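> Provided herewith is a single structure, encoded as structure tokens, for subsequent inquiry.
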Amino acid sequence: MSSGRGISSLTSKDLSEKYQKLGSSVLQSQKEHLLTQLQVFQAALIQFKNEYSSEIVQNQEVRTNFSEICIAFGIDPLVVASSIIGEKNSSTERTNQLCLKIIEICTQTRSINGGIISMQDLLDLINSDTWVNQDLHLAFQIKDITTALNHLKILGDELQIVTLGKKDYIKSIPQEISSDQQKILETSDIMGYVTITILKDNFKWKRIRCQSAIDELVSNGILWLDKQNGHAIKYWTTTWINK
Amino acid sequence: MNDIKKTGKFEFPKVYNFPPFFTEQPNSNTFQSQLEQWKDVIIKYCKFNKLFALSITGKPLESEKDELDNYEDNDEEIDDDDDDDNDNEVGNNDFSIFKNDNINRTVSNQFIRKIYEFLIESEAGEWIDLKNKNHGILIYWYGIEEWSQILYDWIDNTGQLNSILTIYEIRKGNLSINQEFYNMNNHMLIKILNNLVNQGKATIMKDENNNIVGVKFGGV
């Protein structure tokens, strides 16, 4: 393990080890330094926002510049804006921000849940957003979401509240959910999944009725297929991912 | 032989305990996001456990074995039809990332193949041997360019430019113990070295049998 021989090999190894240590410690301290600076800047920005919030809201130019600086330092200007407005007690603005967040989350999670998300999951996702949660100390509630959705009705009925059993869901796809499918979703939420047999036994449906309702839910990505050798096929609801 | 580290402290994401995650989903959007999530799990798991390669059934692969016996007793061979996860292995060696005993679910070989193809497509993986995929897959938790940079920077920072190193020294040398590439899969290291050669940053020296005897870093 050396390029040289005898004593020279020892020294060169020692030396390079030292260089290596030195190099990494320099890098580390630089990194820490930069991080501190960044934090100082972020704090200064928030300070600035607190002092000049009315200016930021009223003056177009200040607002644009402020947003650009925020983006450069990794702060979401939307959130900052909403917090200013929150302090100004304009609940309409806050609701509008929440509307955007709801649409964003529904779109982002569509490939996982097929466009149906339970109210609770949505709320958890909104409140776990770092900026909402840690930096603004906001905690939205279900009634906030309901209000927001009422606002969104003006834009059409793409987002709807669907009640299945005792739980509310937000549906962000145009497809209607038939009453059979509603029953299936309601049932699957109890155990996490349904099988054809469970449906046949509980609702006295014919196999074909169960299968076609399920197939549609699966092909829309609302139920997930669970197929293992030697076991009956199960169909899972995505609300159970988080359990 | 080094221990294969156990799943131990690695925390799998919640979806790993969602039974249908182990079945290929018919909806194509869902399937795409499922592939993304599998990729995420695999990369994070391998990075956490410092694994550089997985077998065709998702078991951690040690590269020592490959070097020594040239795949001769490769017990990872599979027949291409349905899943048979109960092969002759015992104890911890039975671990596969595609098998979750907590919920009793296994990914079918067909689906594993698709996940691997996806990893390769997104440049996070590469077949160890393109001609015989049963030898397994290299997992790039860093891309090949990133690895090249890491390796080259290390050489540079430790004053080893222009000196000749063996593959073994890079993978197992005292100086590289704390480096992320320590114990790297042999095949992967050679791919990275070749990449550096293409960039003119390294020269590979071979003996008459075309075996690599050493590498010299730095401009030619």
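We name chains A, B, ... following the order of the structure tokens; residues begin at 1 in each chain, and ligands are numbered from 1 as shown.
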Which residues are near segment 160-176 of chain B? Cut-off 7 Å, only C-alpha atoms, ignore same chain within fewer than 6 positions. Put them as a PyMOL selection string.
(chain A and resi 1+3+17) or (chain B and resi 182-184+213-218)
> Output C-alpha atoms of each residue in that selection to a file, as a PDB file, in the first residue's frame.

```
ATOM      1  CA  MET A   1       0.000   0.000   0.000  1.00  0.00           C
ATOM      2  CA  SER A   3       4.185   4.277  -3.769  1.00  0.00           C
ATOM      3  CA  GLU A  17      -3.297  11.470   5.405  1.00  0.00           C
TER       4      GLU A  17
ATOM      5  CA  TYR B 182     -14.264   2.275  -0.007  1.00  0.00           C
ATOM      6  CA  ASN B 183     -15.001  -1.326  -0.843  1.00  0.00           C
ATOM      7  CA  MET B 184     -16.640  -0.312  -4.098  1.00  0.00           C
ATOM      8  CA  VAL B 213      -2.338  -3.632 -13.119  1.00  0.00           C
ATOM      9  CA  GLY B 214      -2.493   0.012 -12.182  1.00  0.00           C
ATOM     10  CA  VAL B 215      -3.991   3.403 -12.687  1.00  0.00           C
ATOM     11  CA  LYS B 216      -2.245   6.720 -12.967  1.00  0.00           C
ATOM     12  CA  PHE B 217      -4.300   9.857 -12.378  1.00  0.00           C
ATOM     13  CA  GLY B 218      -3.623  13.238 -13.815  1.00  0.00           C
TER      14      GLY B 218
END
```
> Within 7 Å of chain B, which residues belong to chain A? Use only C-alpha atoms and report them as a count of residues only.
20
> DSSP on the backbone: which residues in segment 103-243 of chain A end up as strand (DSSP E or B)? Give the answer as a list in words.
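DSSP on the backbone gives strand (DSSP E or B) at Ile116, Ile117, Ser118, Gln160, Ile161, Val162, Thr163, Leu164, Lys167, Asp168, Tyr169, Ile170, Lys171, Tyr193, Val194, Leu223, Trp224, Leu225, Asp226, Lys234, Tyr235, Trp236 and Thr237 of chain A.
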> Show which residues sit within 10 Å of Glu123 of chain B, as a PyMOL selection string. Count only C-alpha atoms, and ignore same-chain residues fewer than 2 positions away.
chain B and resi 117-121+125-126+139-144
> Set the distance at 9 Å and use only C-alpha atoms: which residues neighbour segment 119-124 of chain A once local chain neighbours fewer than 5 positions away are removed? I'd like the list as a ChimeraX atom specification.
/A:102,105-106,129,140-142,145,161,167-170,239,242
> Write to file, as a short mmCIF file (atom, residue, chain, number, x, y, z; two decimals), in the first residue's frame, the residues of the selection just made, with N, CA and C atoms.

```
data_model
loop_
_atom_site.label_atom_id
_atom_site.label_comp_id
_atom_site.auth_asym_id
_atom_site.auth_seq_id
_atom_site.Cartn_x
_atom_site.Cartn_y
_atom_site.Cartn_z
N ILE A 102 -53.91 23.38 -1.93
CA ILE A 102 -54.77 22.21 -2.10
C ILE A 102 -54.64 21.67 -3.53
N ILE A 105 -51.28 19.94 -4.01
CA ILE A 105 -51.15 18.62 -3.40
C ILE A 105 -52.01 17.59 -4.13
N CYS A 106 -53.23 17.98 -4.53
CA CYS A 106 -54.08 17.05 -5.26
C CYS A 106 -53.39 16.62 -6.56
N ASP A 129 -46.10 20.67 5.51
CA ASP A 129 -45.27 21.51 4.66
C ASP A 129 -44.38 22.37 5.56
N PHE A 140 -53.67 24.51 9.74
CA PHE A 140 -54.99 24.62 9.13
C PHE A 140 -55.90 23.54 9.69
N GLN A 141 -57.18 23.79 9.57
CA GLN A 141 -58.13 22.80 10.03
C GLN A 141 -59.08 22.44 8.91
N ILE A 142 -59.85 21.39 9.17
CA ILE A 142 -60.73 20.90 8.12
C ILE A 142 -61.67 22.01 7.63
N ILE A 145 -60.20 24.05 4.95
CA ILE A 145 -60.21 23.41 3.64
C ILE A 145 -61.60 23.52 3.01
N ILE A 161 -65.97 17.54 -2.74
CA ILE A 161 -65.92 16.73 -1.52
C ILE A 161 -66.87 15.56 -1.71
N LYS A 167 -66.24 9.19 6.21
CA LYS A 167 -65.08 10.01 5.90
C LYS A 167 -65.27 10.88 4.67
N ASP A 168 -64.66 12.06 4.73
CA ASP A 168 -64.72 12.95 3.58
C ASP A 168 -63.45 12.81 2.74
N TYR A 169 -63.65 12.86 1.45
CA TYR A 169 -62.53 12.80 0.51
C TYR A 169 -62.62 13.97 -0.46
N ILE A 170 -61.49 14.34 -1.00
CA ILE A 170 -61.48 15.34 -2.06
C ILE A 170 -61.23 14.62 -3.37
N THR A 239 -55.42 5.21 1.08
CA THR A 239 -55.40 5.89 2.38
C THR A 239 -54.63 5.07 3.40
N ASN A 242 -50.33 5.38 4.64
CA ASN A 242 -49.78 6.06 5.81
C ASN A 242 -50.06 5.36 7.12
#
```
> Mind pulling up the distance from atom CA of Asn102 of chain B to atom CA of Ile56 of chain B?
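Interatomic distance here is 21.7 Å.
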> Just give me the gap between atom CA of Gln175 of chain A and atom CA of Lys153 of chain A in Å, one decimal is fine.
16.9 Å
> Tell me, in Å to one decimal, how far atom CA of Ser122 of chain B is from atom CA of Lys39 of chain B.
9.3 Å
> For Leu100 of chain A, which residue among A:Ile173, A:Ala139, A:Ile56, A:Ala148 is the nearest when counting only C-alpha atoms?
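Among the listed residues, the smallest separation from Leu100 of chain A belongs to A:Ala148.
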> List the neighbours of Leu185 of chain A out to 9 Å using only C-alpha atoms; skip same-chain residues closer than 3 positions along the sequence, and give me the result as an NGL selection string.
:A and (164-165 or 180-182 or 188-189 or 193-194 or 222-223 or 237)
> As an MDAnalysis selection string, list the residues of segment 102-209 of chain B assigned to alpha helix (DSSP H) by DSSP on the backbone atoms of this structure.
chainID B and resid 109:121 144:157 167:172 186:198
> Using N, CA and C atoms, can you write the selected residues to a file as a CSV table (one decimal), in the first residue's frame?

```csv
chain,number,residue,atom,x,y,z
B,109,ASN,N,-40.3,-11.7,-10.3
B,109,ASN,CA,-39.1,-11.5,-11.1
B,109,ASN,C,-39.3,-10.6,-12.3
B,110,GLN,N,-40.5,-10.8,-12.9
B,110,GLN,CA,-40.8,-9.9,-14.0
B,110,GLN,C,-40.8,-8.4,-13.6
B,111,PHE,N,-41.4,-8.2,-12.5
B,111,PHE,CA,-41.5,-6.8,-12.0
B,111,PHE,C,-40.2,-6.3,-11.6
B,112,ILE,N,-39.4,-7.1,-11.0
B,112,ILE,CA,-38.0,-6.7,-10.6
B,112,ILE,C,-37.2,-6.3,-11.8
B,113,ARG,N,-37.4,-7.1,-12.9
B,113,ARG,CA,-36.7,-6.8,-14.2
B,113,ARG,C,-37.1,-5.3,-14.7
B,114,LYS,N,-38.4,-5.0,-14.5
B,114,LYS,CA,-38.9,-3.7,-15.0
B,114,LYS,C,-38.3,-2.6,-14.1
B,115,ILE,N,-38.2,-2.9,-12.8
B,115,ILE,CA,-37.7,-1.9,-11.9
B,115,ILE,C,-36.2,-1.6,-12.3
B,116,TYR,N,-35.5,-2.7,-12.5
B,116,TYR,CA,-34.1,-2.6,-12.9
B,116,TYR,C,-33.9,-1.8,-14.2
B,117,GLU,N,-34.8,-2.2,-15.2
B,117,GLU,CA,-34.7,-1.5,-16.5
B,117,GLU,C,-34.9,0.0,-16.2
B,118,PHE,N,-35.8,0.3,-15.3
B,118,PHE,CA,-36.1,1.8,-15.0
B,118,PHE,C,-34.9,2.4,-14.4
B,119,LEU,N,-34.2,1.7,-13.5
B,119,LEU,CA,-33.0,2.3,-12.9
B,119,LEU,C,-32.0,2.6,-13.9
B,120,ILE,N,-31.8,1.7,-14.8
B,120,ILE,CA,-30.8,1.8,-15.9
B,120,ILE,C,-31.2,3.0,-16.8
B,121,GLU,N,-32.5,3.0,-17.2
B,121,GLU,CA,-33.0,4.1,-18.0
B,121,GLU,C,-32.7,5.5,-17.4
B,144,ILE,N,-22.3,8.3,-12.5
B,144,ILE,CA,-21.0,7.9,-12.8
B,144,ILE,C,-20.1,9.2,-12.9
B,145,GLU,N,-20.6,10.3,-13.4
B,145,GLU,CA,-19.9,11.5,-13.4
B,145,GLU,C,-19.5,12.0,-12.0
B,146,GLU,N,-20.5,11.9,-11.1
B,146,GLU,CA,-20.3,12.3,-9.8
B,146,GLU,C,-19.2,11.5,-9.1
B,147,TRP,N,-19.3,10.2,-9.3
B,147,TRP,CA,-18.3,9.3,-8.7
B,147,TRP,C,-16.9,9.6,-9.3
B,148,SER,N,-16.8,9.9,-10.6
B,148,SER,CA,-15.5,10.2,-11.2
B,148,SER,C,-14.9,11.4,-10.5
B,149,GLN,N,-15.8,12.4,-10.3
B,149,GLN,CA,-15.3,13.6,-9.7
B,149,GLN,C,-14.8,13.4,-8.2
B,150,ILE,N,-15.6,12.6,-7.5
B,150,ILE,CA,-15.3,12.3,-6.1
B,150,ILE,C,-13.9,11.6,-6.1
B,151,LEU,N,-13.8,10.6,-7.0
B,151,LEU,CA,-12.5,9.9,-7.0
B,151,LEU,C,-11.3,10.8,-7.3
B,152,TYR,N,-11.6,11.6,-8.4
B,152,TYR,CA,-10.5,12.4,-8.8
B,152,TYR,C,-10.1,13.4,-7.8
B,153,ASP,N,-11.1,14.0,-7.2
B,153,ASP,CA,-10.8,15.0,-6.1
B,153,ASP,C,-10.1,14.4,-5.0
B,154,TRP,N,-10.4,13.2,-4.6
B,154,TRP,CA,-9.7,12.5,-3.5
B,154,TRP,C,-8.2,12.3,-3.9
B,155,ILE,N,-8.0,11.8,-5.1
B,155,ILE,CA,-6.6,11.6,-5.6
B,155,ILE,C,-5.9,13.0,-5.5
B,156,ASP,N,-6.5,14.0,-6.0
B,156,ASP,CA,-5.9,15.3,-6.0
B,156,ASP,C,-5.7,15.8,-4.5
B,157,ASN,N,-6.7,15.7,-3.7
B,157,ASN,CA,-6.5,16.2,-2.3
B,157,ASN,C,-5.5,15.5,-1.5
B,167,ILE,N,-5.9,-1.1,-8.4
B,167,ILE,CA,-7.4,-1.1,-8.1
B,167,ILE,C,-7.6,-1.4,-6.6
B,168,TYR,N,-6.9,-2.4,-6.1
B,168,TYR,CA,-7.0,-2.8,-4.7
B,168,TYR,C,-6.8,-1.6,-3.8
B,169,GLU,N,-5.7,-0.8,-4.1
B,169,GLU,CA,-5.4,0.3,-3.2
B,169,GLU,C,-6.5,1.3,-3.2
B,170,ILE,N,-7.2,1.5,-4.3
B,170,ILE,CA,-8.3,2.5,-4.3
B,170,ILE,C,-9.5,1.9,-3.5
B,171,ARG,N,-9.8,0.7,-3.8
B,171,ARG,CA,-10.9,0.1,-3.1
B,171,ARG,C,-10.7,-0.2,-1.7
B,172,LYS,N,-9.5,-0.6,-1.3
B,172,LYS,CA,-9.3,-1.2,0.0
B,172,LYS,C,-8.1,-0.6,0.8
B,186,ASN,N,-16.0,-3.9,-7.8
B,186,ASN,CA,-14.9,-3.9,-8.8
B,186,ASN,C,-15.3,-3.4,-10.2
B,187,HIS,N,-16.4,-3.9,-10.6
B,187,HIS,CA,-17.0,-3.6,-11.9
B,187,HIS,C,-17.3,-2.1,-12.0
B,188,MET,N,-17.9,-1.6,-10.9
B,188,MET,CA,-18.3,-0.2,-10.9
B,188,MET,C,-17.0,0.7,-11.0
B,189,LEU,N,-16.0,0.3,-10.2
B,189,LEU,CA,-14.8,1.1,-10.2
B,189,LEU,C,-14.2,1.2,-11.6
B,190,ILE,N,-14.2,0.0,-12.2
B,190,ILE,CA,-13.5,0.0,-13.6
B,190,ILE,C,-14.3,0.9,-14.5
B,191,LYS,N,-15.6,0.9,-14.4
B,191,LYS,CA,-16.4,1.8,-15.3
B,191,LYS,C,-16.1,3.2,-15.0
B,192,ILE,N,-15.9,3.6,-13.7
B,192,ILE,CA,-15.6,4.9,-13.4
B,192,ILE,C,-14.3,5.3,-13.9
B,193,LEU,N,-13.3,4.4,-13.7
B,193,LEU,CA,-12.0,4.7,-14.2
B,193,LEU,C,-11.9,4.9,-15.7
B,194,ASN,N,-12.7,4.0,-16.4
B,194,ASN,CA,-12.8,4.2,-17.8
B,194,ASN,C,-13.3,5.6,-18.2
B,195,ASN,N,-14.3,6.0,-17.4
B,195,ASN,CA,-14.9,7.3,-17.7
B,195,ASN,C,-13.8,8.4,-17.5
B,196,LEU,N,-13.0,8.3,-16.5
B,196,LEU,CA,-11.9,9.2,-16.3
B,196,LEU,C,-10.9,9.1,-17.4
B,197,VAL,N,-10.6,7.9,-17.9
B,197,VAL,CA,-9.7,7.8,-19.0
B,197,VAL,C,-10.2,8.6,-20.2
B,198,ASN,N,-11.6,8.4,-20.4
B,198,ASN,CA,-12.2,9.1,-21.6
B,198,ASN,C,-12.1,10.6,-21.5
```
> Quick one: residues within 8 Å of Cys210 of chain A, only C-alpha atoms, excluding same-chain residues fewer than 4 positions away - as a PyMOL selection string?
chain A and resi 196+199-200+205-206+214
> Could you give me, as a list in words, the residues within 9 Å of segment 34-43 of chain A, counting only C-alpha atoms and dropping anything in the same chain fewer than 5 positions from it?
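Counting only C-alpha atoms, the residues come to Ser29, Phe48, Cys70, Phe73, Gly74 and Ile75 of chain A.
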